[in-house]
Amino acid sequence: MKFRLTKLEKHWVLYDVGNSAFTLLVSTVIPIYFDYLAGQQKLSSVNYLAYWGYAVSIATLLVALMGPALGTISDGKGMKKPIFFFSIILGAVCCTALGLASAWLIFLIIFVLAKIAYSASLIFYDSMLPDVTSEDRMDMVSAQGFAWGYIGSCIPFIACLGLVMGGKTLGLSMKQSMMIAFLLVALWWVGSSLPFLRNYTQINYAPKRNHAVTDGFKSLFRTVKNIRREENIFWFLLAFFFYIDGVYTIIDMATAYGKALGLNSTGLLLALLLTQFVAFPCCIIFGRLARRVSPDKLIGACILAYLGITIFAVFMNSQLHFWILAVLVGMFQGGIQSLSRSYYAKIIPSEKSGEYFGIMDICGKGASFMGTALVSVVSQLTGSINKGVGAIAFLFVIGIILFLKAVSVRTVKPGDASSENTEEETYLTEAKA
């Protein structure tokens, strides 16, 4: 039976098309422009890679600290749409401001703010999935989001690539070309979000609280406490923390790693563009496979594939190797992201999806905090970029072990959070009294 997206599902998917343009920019053009700015101030290749890693780590750490609280607040009736919209506008403004920075340190500060806004928007976006579709359609809808995000983001990226590579023929300096490129991505990001913002209505929400912020933090504290008793959620989040950390570290550090190895910038950009085209069909294939094969097995296969990719990256020393790496990442990147998102959405209470996805963000959504920091520290301690990248393999080894544990204890019916809901009801009764 042919799968068709509803109007609301299409609009939800369209936001993935918009935000993925910024993701692709972070993976490609931004590190290259940072290398340009850093080169003007005589930073070594090791320090360039390290400072880039530290910037990404700081951004994701701050989101991890704020995410659960923001997610909890967004679970209130009518709160998701305005807070989601604010994060998009903040991210777009900071994205535009990147083109105005002339010193590498100022550039990194603005980048951190843009990354925080982008990552925060994903907490709200992911938590909207239960409002947008039914449980039996989540795997496929989630996969469609990532798939169209990959291919759709190529449109502004190709325009940016043309500006970066052909700016001189148009009479534009490097700085002017980048200013236009960042503005294009910001407009694409905001424009792609508008249809969904116009048509989205929050269906699932937590009970009304008299004091949204303080009560939200109390609810968050109770949820964190109860997650340890819900073993299927607890072990999955623990596994997710490690394996998705590795995935996003590779995404965030790929171009910086290639530049540090001295590879050609144009070749790096074209190879990562190829990743997007490979990821599009592969992501849809994973979504369809999930209707026939257990998502548990598919996620496990993706983790093992990434372990192999990391080992391959350690020995990478040529442009051809980077192209092979780009294809391999494209094959599994969408599958592991989309299936993890839909898997988690099925096992959490839908009325508290913002809160739970905020907690998930701590465990790794876009958060390559530990991975990027690990690469940076190992690279500087050993003086070897390859050894720094090789350290990522440990994240996938731990991740697959913990994920197998999560699968083995998944005995709670998806969406069942009775113990947590009981405490929530008790709290509300006490509050009324």
# chains A, B, ... in the order shown; residues from 1 in each chain; ligands from 1
$ select_by_dssp --residues "stretch 248-304 of chain A" --states "alpha helix (DSSP H)" --output "VMD selection string"
chain A and resid 248 to 260 265 to 289 295 to 304
$ residues_around --residues "A:Tyr48" --least-positions-apart "2" --cutoff "12 Å" --atoms "only C-alpha atoms" --output "PyMOL selection string"
chain A and resi 31-46+50-55+104-105+108+253+255-261+376+379-380+385
$ write_last_selection --atoms "C-alpha atoms" --output "tab-separated table (two decimals), in the first residue's frame"
chain	number	residue	atom	x	y	z
A	31	PRO	CA	34.18	25.45	9.22
A	32	ILE	CA	35.86	26.51	5.96
A	33	TYR	CA	35.12	30.18	6.60
A	34	PHE	CA	36.30	29.78	10.18
A	35	ASP	CA	39.51	28.28	8.77
A	36	TYR	CA	39.83	31.38	6.57
A	37	LEU	CA	39.43	33.72	9.56
A	38	ALA	CA	41.67	31.58	11.77
A	39	GLY	CA	44.35	31.49	9.08
A	40	GLN	CA	44.48	35.27	9.03
A	41	GLN	CA	45.37	35.17	12.72
A	42	LYS	CA	47.94	32.35	12.33
A	43	LEU	CA	46.15	29.52	14.19
A	44	SER	CA	47.74	26.08	13.73
A	45	SER	CA	45.68	23.24	12.19
A	46	VAL	CA	45.53	21.41	15.53
A	50	ALA	CA	40.33	22.06	18.74
A	51	TYR	CA	38.73	25.53	18.98
A	52	TRP	CA	36.02	24.52	16.53
A	53	GLY	CA	35.32	21.43	18.63
A	54	TYR	CA	35.20	23.46	21.83
A	55	ALA	CA	32.72	25.92	20.30
A	104	TRP	CA	37.59	34.23	14.53
A	105	LEU	CA	36.67	34.61	18.23
A	108	LEU	CA	32.69	31.52	17.20
A	253	MET	CA	33.81	17.65	12.60
A	255	THR	CA	34.87	19.23	7.16
A	256	ALA	CA	37.14	20.55	9.92
A	257	TYR	CA	38.92	17.16	9.96
A	258	GLY	CA	39.36	17.20	6.19
A	259	LYS	CA	40.72	20.74	6.29
A	260	ALA	CA	43.12	19.84	9.10
A	261	LEU	CA	44.41	16.98	6.92
A	376	SER	CA	39.79	18.05	20.55
A	379	SER	CA	44.20	15.57	19.18
A	380	GLN	CA	46.01	18.14	21.32
A	385	ILE	CA	44.34	14.41	14.37
$ residues_around --residues "A:Thr133" --least-positions-apart "2" --cutoff "12 Å" --atoms "only C-alpha atoms" --output "VMD selection string"
chain A and resid 4 to 13 126 to 131 135 to 142 200 202 to 204 342 345 to 346 350
$ residues_around --residues "A:Asp75" --least-positions-apart "5" --cutoff "10 Å" --atoms "only C-alpha atoms" --output "list in words"
Leu70, Lys80, Phe124, Ser127, Met128, Gln202, Asn204, Tyr205, Ala206, Pro207, Lys208, Ala212, Gly216, Ser350, Glu351, Lys352, Ser353, Gly354, Glu355 and Tyr356 of chain A
$ write_last_selection --atoms "N, CA and C atoms" --output "mmCIF file, in the first residue's frame"
data_model
loop_
_atom_site.group_PDB
_atom_site.id
_atom_site.type_symbol
_atom_site.label_atom_id
_atom_site.label_comp_id
_atom_site.auth_asym_id
_atom_site.auth_seq_id
_atom_site.Cartn_x
_atom_site.Cartn_y
_atom_site.Cartn_z
ATOM 1 N N LEU A 70 13.040 24.096 29.007
ATOM 2 C CA LEU A 70 12.289 24.699 27.907
ATOM 3 C C LEU A 70 11.235 23.738 27.375
ATOM 4 N N LYS A 80 3.803 25.552 22.751
ATOM 5 C CA LYS A 80 4.797 25.011 21.840
ATOM 6 C C LYS A 80 5.063 25.912 20.639
ATOM 7 N N PHE A 124 11.588 21.287 20.325
ATOM 8 C CA PHE A 124 10.155 21.542 20.148
ATOM 9 C C PHE A 124 9.624 20.839 18.904
ATOM 10 N N SER A 127 9.251 17.116 19.456
ATOM 11 C CA SER A 127 8.169 16.835 20.399
ATOM 12 C C SER A 127 6.792 17.059 19.779
ATOM 13 N N MET A 128 6.722 17.713 18.629
ATOM 14 C CA MET A 128 5.455 17.935 17.933
ATOM 15 C C MET A 128 5.020 16.711 17.130
ATOM 16 N N GLN A 202 -1.425 22.494 18.863
ATOM 17 C CA GLN A 202 -0.954 21.592 19.910
ATOM 18 C C GLN A 202 -2.117 20.778 20.459
ATOM 19 N N ASN A 204 -1.594 17.502 22.234
ATOM 20 C CA ASN A 204 -1.174 16.894 23.498
ATOM 21 C C ASN A 204 -0.479 17.933 24.370
ATOM 22 N N TYR A 205 -0.930 18.060 25.599
ATOM 23 C CA TYR A 205 -0.304 19.016 26.516
ATOM 24 C C TYR A 205 -0.505 18.565 27.952
ATOM 25 N N ALA A 206 0.374 19.061 28.793
ATOM 26 C CA ALA A 206 0.321 18.708 30.212
ATOM 27 C C ALA A 206 -0.786 19.513 30.894
ATOM 28 N N PRO A 207 -1.246 19.060 32.075
ATOM 29 C CA PRO A 207 -2.278 19.810 32.809
ATOM 30 C C PRO A 207 -1.814 21.233 33.090
ATOM 31 N N LYS A 208 -2.767 22.155 33.129
ATOM 32 C CA LYS A 208 -2.460 23.562 33.362
ATOM 33 C C LYS A 208 -1.786 23.749 34.720
ATOM 34 N N ALA A 212 3.870 28.365 35.659
ATOM 35 C CA ALA A 212 4.423 27.554 34.578
ATOM 36 C C ALA A 212 5.901 27.208 34.758
ATOM 37 N N GLY A 216 6.918 23.786 36.232
ATOM 38 C CA GLY A 216 7.571 23.041 35.158
ATOM 39 C C GLY A 216 8.852 22.377 35.641
ATOM 40 N N SER A 350 2.795 11.066 25.349
ATOM 41 C CA SER A 350 2.674 12.112 24.331
ATOM 42 C C SER A 350 2.354 13.485 24.910
ATOM 43 N N GLU A 351 1.624 13.540 26.035
ATOM 44 C CA GLU A 351 1.256 14.839 26.603
ATOM 45 C C GLU A 351 2.447 15.548 27.241
ATOM 46 N N LYS A 352 3.559 14.820 27.422
ATOM 47 C CA LYS A 352 4.760 15.437 27.997
ATOM 48 C C LYS A 352 5.939 15.277 27.044
ATOM 49 N N SER A 353 5.628 15.291 25.750
ATOM 50 C CA SER A 353 6.669 15.045 24.749
ATOM 51 C C SER A 353 7.763 16.112 24.764
ATOM 52 N N GLY A 354 7.392 17.385 25.007
ATOM 53 C CA GLY A 354 8.391 18.436 25.054
ATOM 54 C C GLY A 354 9.398 18.195 26.161
ATOM 55 N N GLU A 355 8.880 17.839 27.323
ATOM 56 C CA GLU A 355 9.738 17.561 28.475
ATOM 57 C C GLU A 355 10.659 16.374 28.196
ATOM 58 N N TYR A 356 10.085 15.300 27.657
ATOM 59 C CA TYR A 356 10.877 14.096 27.404
ATOM 60 C C TYR A 356 11.899 14.316 26.289
#
$ residues_around --residues "A:Ala181" --least-positions-apart "5" --cutoff "12 Å" --atoms "only C-alpha atoms" --output "VMD selection string"
chain A and resid 21 to 22 25 29 to 30 33 95 to 100 155 to 165 167 172 174 to 176 186 to 188
$ residues_around --residues "A:Leu268" --least-positions-apart "5" --cutoff "9 Å" --atoms "only C-alpha atoms" --output "number ranges by chain"
A: 28, 254-255, 258-259, 263, 273, 319, 322-323
$ closest_residue --among "A:Leu237, A:Leu274, A:Ile110, A:Leu298" --to "A:Leu24" --atoms "only C-alpha atoms"
A:Leu274
$ atom_distance --atom1 "atom CA of A:Gly358" --atom2 "atom CA of A:Val63"
9.0 Å
$ residues_around --residues "A:Val409" --least-positions-apart "2" --cutoff "8 Å" --atoms "only C-alpha atoms" --output "list in words"
Glu231, Asn232, Lys405, Ala406, Val407 and Thr411 of chain A
$ closest_residue --among "A:Gly76, A:Gly149, A:Gly371, A:Pro349" --to "A:Phe241" --atoms "only C-alpha atoms"
A:Gly371
$ atom_distance --atom1 "atom CA of A:Phe84" --atom2 "atom CA of A:Gly18"
13.7 Å
$ closest_residue --among "A:Cys154, A:Leu183, A:Ala147, A:Val377" --to "A:Ile285" --atoms "only C-alpha atoms"
A:Ala147
$ closest_residue --among "A:Phe280, A:Phe236, A:Tyr243, A:Tyr15" --to "A:Leu122" --atoms "only C-alpha atoms"
A:Tyr15
$ closest_residue --among "A:Arg229, A:Arg288, A:Lys115, A:Lys168" --to "A:Thr23" --atoms "only C-alpha atoms"
A:Lys115
$ closest_residue --among "A:Val26, A:Ile109, A:Ala239, A:Ile73" --to "A:Leu404" --atoms "only C-alpha atoms"
A:Ala239
$ decode --residues "stretch 341-355 of chain A" --atoms "all heavy atoms" --output "PDB file, in the first residue's frame"
ATOM      1  N   ARG A 341      14.419   8.878  16.634  1.00  0.00           N
ATOM      2  CA  ARG A 341      13.388   9.859  16.981  1.00  0.00           C
ATOM      3  C   ARG A 341      12.023   9.189  17.126  1.00  0.00           C
ATOM      4  O   ARG A 341      11.307   9.411  18.108  1.00  0.00           O
ATOM      5  CB  ARG A 341      13.334  10.958  15.921  1.00  0.00           C
ATOM      6  CG  ARG A 341      12.222  11.977  16.155  1.00  0.00           C
ATOM      7  CD  ARG A 341      12.390  13.205  15.282  1.00  0.00           C
ATOM      8  NE  ARG A 341      12.285  12.929  13.853  1.00  0.00           N
ATOM      9  CZ  ARG A 341      12.532  13.848  12.907  1.00  0.00           C
ATOM     10  NH1 ARG A 341      12.917  15.059  13.248  1.00  0.00           N
ATOM     11  NH2 ARG A 341      12.415  13.543  11.635  1.00  0.00           N
ATOM     12  N   SER A 342      11.634   8.372  16.152  1.00  0.00           N
ATOM     13  CA  SER A 342      10.314   7.740  16.201  1.00  0.00           C
ATOM     14  C   SER A 342      10.250   6.644  17.267  1.00  0.00           C
ATOM     15  O   SER A 342       9.219   6.455  17.915  1.00  0.00           O
ATOM     16  CB  SER A 342       9.956   7.156  14.825  1.00  0.00           C
ATOM     17  OG  SER A 342      10.940   6.260  14.360  1.00  0.00           O
ATOM     18  N   TYR A 343      11.358   5.938  17.479  1.00  0.00           N
ATOM     19  CA  TYR A 343      11.424   4.902  18.519  1.00  0.00           C
ATOM     20  C   TYR A 343      11.130   5.530  19.881  1.00  0.00           C
ATOM     21  O   TYR A 343      10.339   5.017  20.674  1.00  0.00           O
ATOM     22  CB  TYR A 343      12.819   4.271  18.506  1.00  0.00           C
ATOM     23  CG  TYR A 343      13.047   3.156  19.515  1.00  0.00           C
ATOM     24  CD1 TYR A 343      12.957   1.818  19.132  1.00  0.00           C
ATOM     25  CD2 TYR A 343      13.385   3.433  20.845  1.00  0.00           C
ATOM     26  CE1 TYR A 343      13.188   0.797  20.039  1.00  0.00           C
ATOM     27  CE2 TYR A 343      13.607   2.425  21.755  1.00  0.00           C
ATOM     28  CZ  TYR A 343      13.518   1.103  21.354  1.00  0.00           C
ATOM     29  OH  TYR A 343      13.742   0.098  22.265  1.00  0.00           O
ATOM     30  N   TYR A 344      11.781   6.671  20.134  1.00  0.00           N
ATOM     31  CA  TYR A 344      11.619   7.356  21.418  1.00  0.00           C
ATOM     32  C   TYR A 344      10.204   7.919  21.568  1.00  0.00           C
ATOM     33  O   TYR A 344       9.601   7.842  22.642  1.00  0.00           O
ATOM     34  CB  TYR A 344      12.648   8.475  21.514  1.00  0.00           C
ATOM     35  CG  TYR A 344      12.700   9.173  22.851  1.00  0.00           C
ATOM     36  CD1 TYR A 344      13.102   8.499  24.001  1.00  0.00           C
ATOM     37  CD2 TYR A 344      12.369  10.522  22.970  1.00  0.00           C
ATOM     38  CE1 TYR A 344      13.171   9.148  25.233  1.00  0.00           C
ATOM     39  CE2 TYR A 344      12.437  11.176  24.185  1.00  0.00           C
ATOM     40  CZ  TYR A 344      12.840  10.482  25.315  1.00  0.00           C
ATOM     41  OH  TYR A 344      12.905  11.130  26.530  1.00  0.00           O
ATOM     42  N   ALA A 345       9.668   8.491  20.477  1.00  0.00           N
ATOM     43  CA  ALA A 345       8.328   9.078  20.531  1.00  0.00           C
ATOM     44  C   ALA A 345       7.271   8.041  20.902  1.00  0.00           C
ATOM     45  O   ALA A 345       6.249   8.366  21.499  1.00  0.00           O
ATOM     46  CB  ALA A 345       7.981   9.722  19.188  1.00  0.00           C
ATOM     47  N   LYS A 346       7.530   6.783  20.565  1.00  0.00           N
ATOM     48  CA  LYS A 346       6.567   5.711  20.847  1.00  0.00           C
ATOM     49  C   LYS A 346       6.582   5.264  22.308  1.00  0.00           C
ATOM     50  O   LYS A 346       5.595   4.716  22.798  1.00  0.00           O
ATOM     51  CB  LYS A 346       6.858   4.494  19.962  1.00  0.00           C
ATOM     52  CG  LYS A 346       6.606   4.712  18.481  1.00  0.00           C
ATOM     53  CD  LYS A 346       7.044   3.469  17.710  1.00  0.00           C
ATOM     54  CE  LYS A 346       6.930   3.678  16.213  1.00  0.00           C
ATOM     55  NZ  LYS A 346       7.425   2.502  15.470  1.00  0.00           N
ATOM     56  N   ILE A 347       7.691   5.464  22.989  1.00  0.00           N
ATOM     57  CA  ILE A 347       7.798   4.915  24.346  1.00  0.00           C
ATOM     58  C   ILE A 347       7.619   5.961  25.448  1.00  0.00           C
ATOM     59  O   ILE A 347       7.739   5.645  26.630  1.00  0.00           O
ATOM     60  CB  ILE A 347       9.140   4.178  24.554  1.00  0.00           C
ATOM     61  CG1 ILE A 347      10.330   5.136  24.405  1.00  0.00           C
ATOM     62  CG2 ILE A 347       9.268   3.004  23.592  1.00  0.00           C
ATOM     63  CD1 ILE A 347      11.686   4.490  24.721  1.00  0.00           C
ATOM     64  N   ILE A 348       7.338   7.212  25.052  1.00  0.00           N
ATOM     65  CA  ILE A 348       7.142   8.268  26.054  1.00  0.00           C
ATOM     66  C   ILE A 348       5.688   8.725  26.069  1.00  0.00           C
ATOM     67  O   ILE A 348       4.958   8.514  25.099  1.00  0.00           O
ATOM     68  CB  ILE A 348       8.055   9.484  25.762  1.00  0.00           C
ATOM     69  CG1 ILE A 348       7.709  10.113  24.407  1.00  0.00           C
ATOM     70  CG2 ILE A 348       9.517   9.092  25.842  1.00  0.00           C
ATOM     71  CD1 ILE A 348       8.430  11.406  24.114  1.00  0.00           C
ATOM     72  N   PRO A 349       5.227   9.353  27.154  1.00  0.00           N
ATOM     73  CA  PRO A 349       3.870   9.893  27.208  1.00  0.00           C
ATOM     74  C   PRO A 349       3.740  11.104  26.287  1.00  0.00           C
ATOM     75  O   PRO A 349       4.491  12.068  26.419  1.00  0.00           O
ATOM     76  CB  PRO A 349       3.690  10.281  28.678  1.00  0.00           C
ATOM     77  CG  PRO A 349       5.068  10.456  29.207  1.00  0.00           C
ATOM     78  CD  PRO A 349       5.935   9.486  28.456  1.00  0.00           C
ATOM     79  N   SER A 350       2.795  11.066  25.349  1.00  0.00           N
ATOM     80  CA  SER A 350       2.674  12.112  24.331  1.00  0.00           C
ATOM     81  C   SER A 350       2.354  13.485  24.910  1.00  0.00           C
ATOM     82  O   SER A 350       2.771  14.508  24.357  1.00  0.00           O
ATOM     83  CB  SER A 350       1.607  11.725  23.301  1.00  0.00           C
ATOM     84  OG  SER A 350       0.368  11.500  23.935  1.00  0.00           O
ATOM     85  N   GLU A 351       1.624  13.540  26.035  1.00  0.00           N
ATOM     86  CA  GLU A 351       1.256  14.839  26.603  1.00  0.00           C
ATOM     87  C   GLU A 351       2.447  15.548  27.241  1.00  0.00           C
ATOM     88  O   GLU A 351       2.373  16.726  27.570  1.00  0.00           O
ATOM     89  CB  GLU A 351       0.118  14.678  27.628  1.00  0.00           C
ATOM     90  CG  GLU A 351       0.524  14.037  28.948  1.00  0.00           C
ATOM     91  CD  GLU A 351       0.565  12.506  28.884  1.00  0.00           C
ATOM     92  OE1 GLU A 351       0.350  11.965  27.784  1.00  0.00           O
ATOM     93  OE2 GLU A 351       0.802  11.871  29.928  1.00  0.00           O
ATOM     94  N   LYS A 352       3.559  14.820  27.422  1.00  0.00           N
ATOM     95  CA  LYS A 352       4.760  15.437  27.997  1.00  0.00           C
ATOM     96  C   LYS A 352       5.939  15.277  27.044  1.00  0.00           C
ATOM     97  O   LYS A 352       7.092  15.171  27.468  1.00  0.00           O
ATOM     98  CB  LYS A 352       5.074  14.802  29.352  1.00  0.00           C
ATOM     99  CG  LYS A 352       3.939  14.930  30.361  1.00  0.00           C
ATOM    100  CD  LYS A 352       4.317  14.414  31.723  1.00  0.00           C
ATOM    101  CE  LYS A 352       5.252  15.360  32.407  1.00  0.00           C
ATOM    102  NZ  LYS A 352       5.605  14.942  33.774  1.00  0.00           N
ATOM    103  N   SER A 353       5.628  15.291  25.750  1.00  0.00           N
ATOM    104  CA  SER A 353       6.669  15.045  24.749  1.00  0.00           C
ATOM    105  C   SER A 353       7.763  16.112  24.764  1.00  0.00           C
ATOM    106  O   SER A 353       8.938  15.815  24.542  1.00  0.00           O
ATOM    107  CB  SER A 353       6.051  14.952  23.352  1.00  0.00           C
ATOM    108  OG  SER A 353       5.337  16.140  23.035  1.00  0.00           O
ATOM    109  N   GLY A 354       7.392  17.385  25.007  1.00  0.00           N
ATOM    110  CA  GLY A 354       8.391  18.436  25.054  1.00  0.00           C
ATOM    111  C   GLY A 354       9.398  18.195  26.161  1.00  0.00           C
ATOM    112  O   GLY A 354      10.610  18.323  25.972  1.00  0.00           O
ATOM    113  N   GLU A 355       8.880  17.839  27.323  1.00  0.00           N
ATOM    114  CA  GLU A 355       9.738  17.561  28.475  1.00  0.00           C
ATOM    115  C   GLU A 355      10.659  16.374  28.196  1.00  0.00           C
ATOM    116  O   GLU A 355      11.862  16.425  28.447  1.00  0.00           O
ATOM    117  CB  GLU A 355       8.860  17.280  29.686  1.00  0.00           C
ATOM    118  CG  GLU A 355       9.617  17.028  30.974  1.00  0.00           C
ATOM    119  CD  GLU A 355       8.650  16.893  32.147  1.00  0.00           C
ATOM    120  OE1 GLU A 355       7.801  17.782  32.329  1.00  0.00           O
ATOM    121  OE2 GLU A 355       8.755  15.889  32.865  1.00  0.00           O
TER     122      GLU A 355
END
